[in-house]
>>> print(open('final_34.cif').read())   # mmCIF, C-alpha atoms
data_upload
#
loop_
_atom_site.label_atom_id
_atom_site.label_comp_id
_atom_site.auth_asym_id
_atom_site.auth_seq_id
_atom_site.Cartn_x
_atom_site.Cartn_y
_atom_site.Cartn_z
CA MET A 14 -143.60 86.76 2.16
CA ILE A 15 -141.69 87.45 5.38
CA PRO A 16 -139.25 84.65 6.28
CA VAL A 17 -140.32 82.85 9.46
CA GLU A 18 -137.03 83.68 11.23
CA GLN A 19 -137.75 87.39 10.64
CA THR A 20 -141.12 86.96 12.36
CA VAL A 21 -139.39 85.29 15.31
CA LEU A 22 -136.99 88.24 15.59
CA GLU A 23 -139.92 90.66 15.44
CA TRP A 24 -141.54 88.83 18.36
CA LEU A 25 -138.33 88.98 20.41
CA ARG A 26 -138.02 92.71 19.68
CA GLN A 27 -141.64 93.53 20.53
CA LYS A 28 -141.61 91.61 23.80
CA ASN A 29 -137.94 92.40 24.54
CA GLN A 30 -137.20 88.71 25.03
CA ARG A 31 -133.94 86.83 24.61
CA LEU A 32 -133.91 83.41 22.98
CA VAL A 33 -131.57 80.48 23.49
CA ILE A 34 -131.63 77.28 21.40
CA ALA A 35 -130.59 73.70 22.18
CA GLU A 36 -130.16 71.63 19.03
CA SER A 37 -129.39 68.01 18.45
CA CYS A 38 -130.50 66.74 15.03
CA THR A 39 -130.57 70.18 13.33
CA CYS A 40 -126.93 70.55 14.43
CA GLY A 41 -126.74 74.36 14.38
CA ALA A 42 -129.00 74.96 11.38
CA ILE A 43 -131.59 76.89 13.44
CA ALA A 44 -128.90 79.14 14.90
CA ALA A 45 -127.33 79.68 11.47
CA ARG A 46 -130.69 80.75 10.01
CA LEU A 47 -131.26 83.27 12.82
CA GLY A 48 -127.64 84.46 12.52
CA CYS A 49 -128.29 85.69 8.97
CA LEU A 50 -130.54 88.46 10.34
CA PRO A 51 -128.83 91.81 11.01
CA GLY A 52 -129.30 92.94 14.61
CA VAL A 53 -130.26 89.49 15.90
CA SER A 54 -127.37 89.41 18.38
CA GLU A 55 -129.33 91.76 20.64
CA TYR A 56 -132.00 89.07 21.12
CA PHE A 57 -130.34 85.74 20.35
CA CYS A 58 -127.99 84.31 22.98
CA GLY A 59 -126.81 81.37 20.86
CA SER A 60 -127.26 77.64 20.56
CA LEU A 61 -126.01 74.64 22.48
CA VAL A 62 -125.51 72.15 19.65
CA THR A 63 -125.32 68.99 21.70
CA TYR A 64 -124.68 66.30 19.14
CA ARG A 65 -123.73 63.53 21.58
CA GLU A 66 -125.17 62.33 24.87
CA ALA A 67 -122.03 63.41 26.73
CA SER A 68 -122.48 66.98 25.43
CA LYS A 69 -126.12 67.01 26.53
CA GLN A 70 -124.94 66.01 29.99
CA ALA A 71 -121.87 68.26 30.26
CA TRP A 72 -123.16 71.42 28.57
CA LEU A 73 -126.84 71.29 29.53
CA GLY A 74 -126.67 69.30 32.73
CA ILE A 75 -129.19 66.68 31.61
CA ASP A 76 -129.22 63.48 33.65
CA GLU A 77 -127.72 60.42 32.00
CA GLU A 78 -130.59 58.44 33.52
CA LEU A 79 -133.22 60.52 31.74
CA LEU A 80 -131.46 60.01 28.39
CA HIS A 81 -131.24 56.27 28.97
CA ALA A 82 -134.79 55.90 30.31
CA TYR A 83 -136.42 57.76 27.40
CA SER A 84 -133.60 57.86 24.77
CA ALA A 85 -131.89 61.01 23.50
CA GLU A 86 -134.49 61.21 20.71
CA SER A 87 -137.66 61.58 22.75
CA PRO A 88 -140.15 64.25 23.84
CA GLU A 89 -138.69 63.98 27.35
CA ALA A 90 -135.17 64.72 26.06
CA SER A 91 -136.28 67.78 24.06
CA ALA A 92 -138.23 69.11 27.07
CA ALA A 93 -135.18 68.68 29.29
CA MET A 94 -132.97 70.39 26.68
CA ALA A 95 -135.28 73.41 26.48
CA VAL A 96 -135.58 73.78 30.25
CA HIS A 97 -131.88 73.25 30.98
CA ALA A 98 -130.81 75.65 28.20
CA LEU A 99 -132.82 78.38 29.91
CA VAL A 100 -131.40 77.54 33.32
CA ARG A 101 -127.86 77.76 31.91
CA THR A 102 -128.48 81.10 30.19
CA ILE A 103 -129.38 83.73 32.73
CA GLU A 104 -130.12 86.52 30.26
CA ALA A 105 -132.53 84.36 28.19
CA ASN A 106 -136.27 84.13 28.94
CA LEU A 107 -137.31 81.92 26.00
CA SER A 108 -135.86 78.66 24.66
CA ALA A 109 -136.48 76.15 21.92
CA ALA A 110 -135.03 72.66 21.65
CA VAL A 111 -135.17 69.89 19.09
CA THR A 112 -133.97 66.32 18.94
CA GLY A 113 -134.58 63.44 16.57
CA HIS A 114 -132.94 60.83 14.38
CA PHE A 115 -132.02 61.85 10.81
CA GLY A 116 -130.66 58.44 9.80
CA PRO A 117 -129.24 56.52 8.09
CA ASN A 118 -129.69 53.37 10.14
CA ALA A 119 -132.48 54.79 12.29
CA PRO A 120 -135.20 52.41 13.53
CA ALA A 121 -138.26 52.87 11.26
CA GLU A 122 -140.37 54.41 14.02
CA LYS A 123 -137.67 57.03 14.72
CA ASP A 124 -136.44 57.81 11.20
CA GLY A 125 -137.06 61.49 10.46
CA VAL A 126 -139.18 62.02 13.57
CA ILE A 127 -138.36 65.16 15.56
CA HIS A 128 -139.40 66.32 19.02
CA ILE A 129 -139.62 70.07 19.62
CA ALA A 130 -140.03 71.82 22.97
CA ILE A 131 -140.38 75.50 23.86
CA ALA A 132 -139.87 76.84 27.37
CA GLN A 133 -140.19 80.25 28.98
CA CYS A 134 -138.92 81.89 32.13
CA ASN A 135 -141.38 84.16 33.92
CA ASP A 136 -140.67 85.63 37.34
CA GLN A 137 -137.64 83.33 37.59
CA ARG A 138 -139.82 80.25 37.06
CA VAL A 139 -138.92 78.07 34.09
CA GLY A 140 -141.69 76.07 32.45
CA LEU A 141 -142.49 74.21 29.24
CA VAL A 142 -145.05 76.06 27.10
CA GLN A 143 -145.16 74.04 23.85
CA ALA A 144 -144.20 70.58 22.67
CA GLU A 145 -144.69 68.89 19.33
CA THR A 146 -143.62 65.72 17.57
CA VAL A 147 -143.38 65.82 13.77
CA ARG A 148 -142.53 63.22 11.13
CA LEU A 149 -140.50 64.97 8.42
CA ASN A 150 -141.30 64.55 4.73
CA SER A 151 -137.75 64.87 3.41
CA SER A 152 -135.13 62.14 3.39
CA SER A 153 -131.61 63.57 3.06
CA ARG A 154 -129.85 64.90 6.16
CA SER A 155 -129.45 68.43 4.74
CA GLN A 156 -133.12 68.58 3.68
CA ARG A 157 -134.14 67.33 7.10
CA GLN A 158 -132.02 70.03 8.79
CA HIS A 159 -133.89 72.62 6.74
CA GLU A 160 -137.36 71.14 7.26
CA ALA A 161 -136.86 70.65 11.00
CA THR A 162 -135.54 74.23 11.31
CA ASN A 163 -138.72 75.49 9.67
CA HIS A 164 -140.87 73.52 12.12
CA VAL A 165 -139.05 74.90 15.17
CA LEU A 166 -139.27 78.50 13.91
CA ARG A 167 -142.96 78.00 13.05
CA LEU A 168 -143.71 76.65 16.52
CA LEU A 169 -142.00 79.70 18.04
CA VAL A 170 -144.27 81.96 15.97
CA GLU A 171 -147.35 79.94 17.00
CA THR A 172 -146.31 80.34 20.64
CA TRP A 173 -146.23 84.09 20.07
CA LYS A 174 -149.61 84.09 18.32
CA SER A 175 -151.15 82.04 21.12
CA GLY A 176 -150.28 84.87 23.48
CA SER A 177 -147.50 83.30 25.52
CA MET B 3 -113.89 66.71 -5.57
CA ILE B 4 -114.32 65.61 -1.95
CA PRO B 5 -116.10 68.22 0.21
CA VAL B 6 -113.73 69.66 2.82
CA GLU B 7 -116.01 68.56 5.70
CA GLN B 8 -115.71 64.97 4.46
CA THR B 9 -111.91 65.27 4.64
CA VAL B 10 -112.20 66.56 8.20
CA LEU B 11 -114.33 63.54 9.14
CA GLU B 12 -111.81 61.23 7.47
CA TRP B 13 -109.07 62.75 9.67
CA LEU B 14 -111.13 62.28 12.82
CA ARG B 15 -111.80 58.65 11.86
CA GLN B 16 -108.20 57.84 11.02
CA LYS B 17 -106.81 59.36 14.20
CA ASN B 18 -109.85 58.40 16.31
CA GLN B 19 -110.23 61.99 17.50
CA ARG B 20 -113.32 63.83 18.69
CA LEU B 21 -113.94 67.41 17.62
CA VAL B 22 -115.77 70.22 19.40
CA ILE B 23 -116.51 73.63 17.85
CA ALA B 24 -117.04 77.05 19.41
CA GLU B 25 -118.69 79.46 16.99
CA SER B 26 -119.56 83.11 17.21
CA CYS B 27 -119.95 84.79 13.79
CA THR B 28 -120.65 81.58 11.84
CA CYS B 29 -123.51 80.97 14.30
CA GLY B 30 -123.81 77.21 13.90
CA ALA B 31 -123.02 77.00 10.19
CA ILE B 32 -119.86 74.92 10.75
CA ALA B 33 -121.75 72.45 12.92
CA ALA B 34 -124.62 72.27 10.43
CA ARG B 35 -122.20 71.45 7.59
CA LEU B 36 -120.59 68.64 9.59
CA GLY B 37 -124.02 67.42 10.69
CA CYS B 38 -124.93 66.60 7.09
CA LEU B 39 -122.39 63.76 7.06
CA PRO B 40 -123.76 60.31 7.99
CA GLY B 41 -121.85 58.79 10.90
CA VAL B 42 -120.34 62.09 12.07
CA SER B 43 -121.95 61.81 15.53
CA GLU B 44 -119.29 59.28 16.47
CA TYR B 45 -116.59 61.96 16.11
CA PHE B 46 -118.33 65.31 16.49
CA CYS B 47 -119.35 66.38 20.00
CA GLY B 48 -121.22 69.50 18.92
CA SER B 49 -120.83 73.25 18.88
CA LEU B 50 -121.10 75.97 21.49
CA VAL B 51 -122.67 78.75 19.43
CA THR B 52 -121.91 81.67 21.74
CA TYR B 53 -123.49 84.61 19.99
CA ARG B 54 -123.27 87.05 22.90
CA GLU B 55 -120.56 87.90 25.41
CA ALA B 56 -122.67 86.54 28.27
CA SER B 57 -122.88 83.16 26.49
CA LYS B 58 -119.11 83.09 25.96
CA GLN B 59 -118.72 83.66 29.70
CA ALA B 60 -121.46 81.31 30.96
CA TRP B 61 -121.07 78.41 28.52
CA LEU B 62 -117.33 78.52 27.87
CA GLY B 63 -116.09 80.12 31.07
CA ILE B 64 -114.19 82.91 29.29
CA ASP B 65 -113.23 85.86 31.49
CA GLU B 66 -115.21 89.04 30.98
CA GLU B 67 -111.92 90.92 31.38
CA LEU B 68 -110.33 89.13 28.43
CA LEU B 69 -113.30 89.95 26.20
CA HIS B 70 -113.18 93.60 27.25
CA ALA B 71 -109.39 93.91 27.02
CA TYR B 72 -109.16 92.45 23.51
CA SER B 73 -112.82 92.56 22.31
CA ALA B 74 -115.00 89.54 21.51
CA GLU B 75 -113.81 89.73 17.89
CA SER B 76 -110.09 89.21 18.37
CA PRO B 77 -107.44 86.49 17.98
CA GLU B 78 -107.28 86.33 21.79
CA ALA B 79 -111.03 85.65 22.02
CA SER B 80 -110.94 82.87 19.40
CA ALA B 81 -107.95 81.25 21.14
CA ALA B 82 -109.78 81.34 24.47
CA MET B 83 -112.92 79.90 22.86
CA ALA B 84 -110.98 76.98 21.35
CA VAL B 85 -109.15 76.19 24.58
CA HIS B 86 -112.20 76.54 26.84
CA ALA B 87 -114.39 74.44 24.51
CA LEU B 88 -111.91 71.59 24.90
CA VAL B 89 -111.75 71.99 28.67
CA ARG B 90 -115.56 71.84 28.85
CA THR B 91 -115.81 68.74 26.65
CA ILE B 92 -113.98 65.87 28.27
CA GLU B 93 -114.42 63.40 25.40
CA ALA B 94 -113.04 65.84 22.79
CA ASN B 95 -109.35 66.08 21.93
CA LEU B 96 -109.54 68.62 19.10
CA SER B 97 -111.34 71.97 18.88
CA ALA B 98 -111.86 74.81 16.42
CA ALA B 99 -113.20 78.27 17.20
CA VAL B 100 -114.08 81.31 15.13
CA THR B 101 -115.13 84.85 15.91
CA GLY B 102 -115.50 88.01 13.86
CA HIS B 103 -117.84 90.80 12.88
CA PHE B 104 -120.18 90.16 9.93
CA GLY B 105 -121.76 93.63 9.97
CA PRO B 106 -123.71 95.69 9.23
CA ASN B 107 -122.37 98.60 11.28
CA ALA B 108 -118.98 97.01 11.88
CA PRO B 109 -115.93 99.29 12.13
CA ALA B 110 -114.12 99.19 8.74
CA GLU B 111 -111.08 97.39 10.18
CA LYS B 112 -113.30 94.64 11.62
CA ASP B 113 -115.91 94.24 8.91
CA GLY B 114 -115.76 90.69 7.53
CA VAL B 115 -112.54 89.86 9.40
CA ILE B 116 -112.53 86.48 11.17
CA HIS B 117 -110.17 84.97 13.72
CA ILE B 118 -109.82 81.19 13.75
CA ALA B 119 -108.08 79.06 16.39
CA ILE B 120 -107.50 75.33 16.63
CA ALA B 121 -106.52 73.58 19.85
CA GLN B 122 -105.64 70.03 20.79
CA CYS B 123 -105.53 68.01 23.96
CA ASN B 124 -102.61 65.61 24.30
CA ASP B 125 -101.86 63.74 27.52
CA GLN B 126 -104.46 65.91 29.28
CA ARG B 127 -102.62 69.09 28.24
CA VAL B 128 -104.61 71.56 26.15
CA GLY B 129 -102.73 73.80 23.76
CA LEU B 130 -103.29 76.04 20.75
CA VAL B 131 -101.92 74.50 17.53
CA GLN B 132 -103.12 76.88 14.78
CA ALA B 133 -104.40 80.45 14.54
CA GLU B 134 -105.30 82.51 11.49
CA THR B 135 -106.93 85.84 10.73
CA VAL B 136 -108.73 86.17 7.38
CA ARG B 137 -110.54 89.03 5.67
CA LEU B 138 -113.56 87.55 3.86
CA ASN B 139 -114.37 88.41 0.24
CA SER B 140 -118.15 88.16 0.51
CA SER B 141 -120.47 90.81 1.89
CA SER B 142 -123.84 89.33 2.92
CA ARG B 143 -124.19 87.61 6.28
CA SER B 144 -125.23 84.27 4.77
CA GLN B 145 -122.34 84.33 2.26
CA ARG B 146 -119.96 85.20 5.07
CA GLN B 147 -121.24 82.28 7.16
CA HIS B 148 -120.47 79.98 4.24
CA GLU B 149 -117.06 81.49 3.42
CA ALA B 150 -115.94 81.52 7.06
CA THR B 151 -117.09 77.91 7.48
CA ASN B 152 -114.92 76.91 4.52
CA HIS B 153 -111.90 78.65 6.07
CA VAL B 154 -112.32 76.88 9.42
CA LEU B 155 -112.72 73.46 7.78
CA ARG B 156 -109.73 74.15 5.50
CA LEU B 157 -107.55 75.10 8.49
CA LEU B 158 -108.57 71.85 10.22
CA VAL B 159 -107.43 69.91 7.14
CA GLU B 160 -104.15 71.87 7.03
CA THR B 161 -103.58 71.04 10.69
CA TRP B 162 -103.98 67.38 9.78
CA LYS B 163 -101.65 67.66 6.78
CA SER B 164 -99.02 69.42 8.91
CA GLY B 165 -98.89 66.31 11.06
CA SER B 166 -100.54 67.57 14.23
#
>>> encode(input="final_34.cif", output="structure tokens")
Amino acid sequence: MIPVEQTVLEWLRQKNQRLVIAESCTCGAIAARLGCLPGVSEYFCGSLVTYREASKQAWLGIDEELLHAYSAESPEASAAMAVHALVRTIEANLSAAVTGHFGPNAPAEKDGVIHIAIAQCNDQRVGLVQAETVRLNSSSRSQRQHEATNHVLRLLVETWKSGS
Amino acid sequence: MIPVEQTVLEWLRQKNQRLVIAESCTCGAIAARLGCLPGVSEYFCGSLVTYREASKQAWLGIDEELLHAYSAESPEASAAMAVHALVRTIEANLSAAVTGHFGPNAPAEKDGVIHIAIAQCNDQRVGLVQAETVRLNSSSRSQRQHEATNHVLRLLVETWKSGS
């Protein structure tokens, strides 16, 4: 079976697209998975691993007010991360972002819940094309990194299959 | 035996420091390792995973001329990454950066060679405190991510032990 990250790279190659990632809870795990593929540097710009609110503001340019109004672990935050990552990366035309709370000490309704967003840039217009909220099955932080990474890569493939 | 990333977190806690990472070849693997530790978000700002020259320029503000004069896989590039990551992250006072060529198709003298740099900010002055070049023993990209991550975390611990 072809690993999902290989399918993502195949999509980028076929459509000659460049991908940028913005990660919070996965903390670089999506980038690291893609980075294992030879030749990926032609199509993968990198990842803004914004692990604190101040990094989301300084590196991505996300408004403090948005983070406080909706929280840093919200669909609104992941959408803003995906859009701003594209804006900050001129050579990219596709982005994926994920945020969520991996615990411990997360409120029950947030524990292991992730928010994924995918954005594209067409004709210099940036727009959100996919968004999904998932409750993870795993419990440890390293398992959750892995499971969340799989969900983000899967959603990228689904975006491709849906013809975006 | 205590994992090396746990020792790094212990240092950050004891000295109340905040760490930022700039990664090229490890592609997020250092951040992902740190992200597995509960409570690390208090001390870890995140990672700028700059996997292409354009990302090193846009996200970190590194001069194109420096990258072309020395190459993106050079001690000079890793030093610039460490220093610029600190400048771009106001709440951080410690940074680590790594660059190198993981192959395939790397020139023999570059294949599996990494350049690590560690910088600190004291009294609003940013300066390089450690630099090291290492030839990795492993050959696959995923093994090299892991081995290089260990070297960067080890050098952070050595910086602590040396009293910086």
>>> closest_residue(input="final_34.cif", among="B:Val131, B:Arg143, B:Thr9, B:Leu69", to="chain A", atoms="all atoms listed in the file")
B:Arg143
>>> closest_residue(input="final_34.cif", among="B:Gly165, B:Gly114, B:Gly105, B:Pro40", to="Ser153 in chain A", atoms="all atoms listed in the file")
B:Pro40
>>> closest_residue(input="final_34.cif", among="B:Glu93, B:Glu75, B:Asp125, B:Glu7", to="chain A", atoms="all atoms listed in the file")
B:Glu93
>>> residues_around(input="final_34.cif", residues="Ala44 in chain A", least_positions_apart="5", cutoff="8 Å", atoms="only C-alpha atoms", output="MDAnalysis selection string")
(chainID A and resid 34 59:60) or (chainID B and resid 29:31 51)
>>> resolve_selection(input="final_34.cif", expression="the PyMOL selection byres ((chain A and resi 168) around 12)", output="NGL selection string")
:A and (17-18 or 20-21 or 108-111 or 128-132 or 142-147 or 161-167 or 169-175 or 177)
>>> closest_residue(input="final_34.cif", among="A:Ala45, A:Ala71, A:Ile103, A:Ala90", to="Leu32 in chain A", atoms="all atoms listed in the file")
A:Ile103
>>> residues_near_point(input="final_34.cif", point="(-109.4, 59.4, 16.9)", cutoff="10 Å", atoms="only C-alpha atoms", output="ChimeraX atom specification")
/B:12-21,44-45,94-96
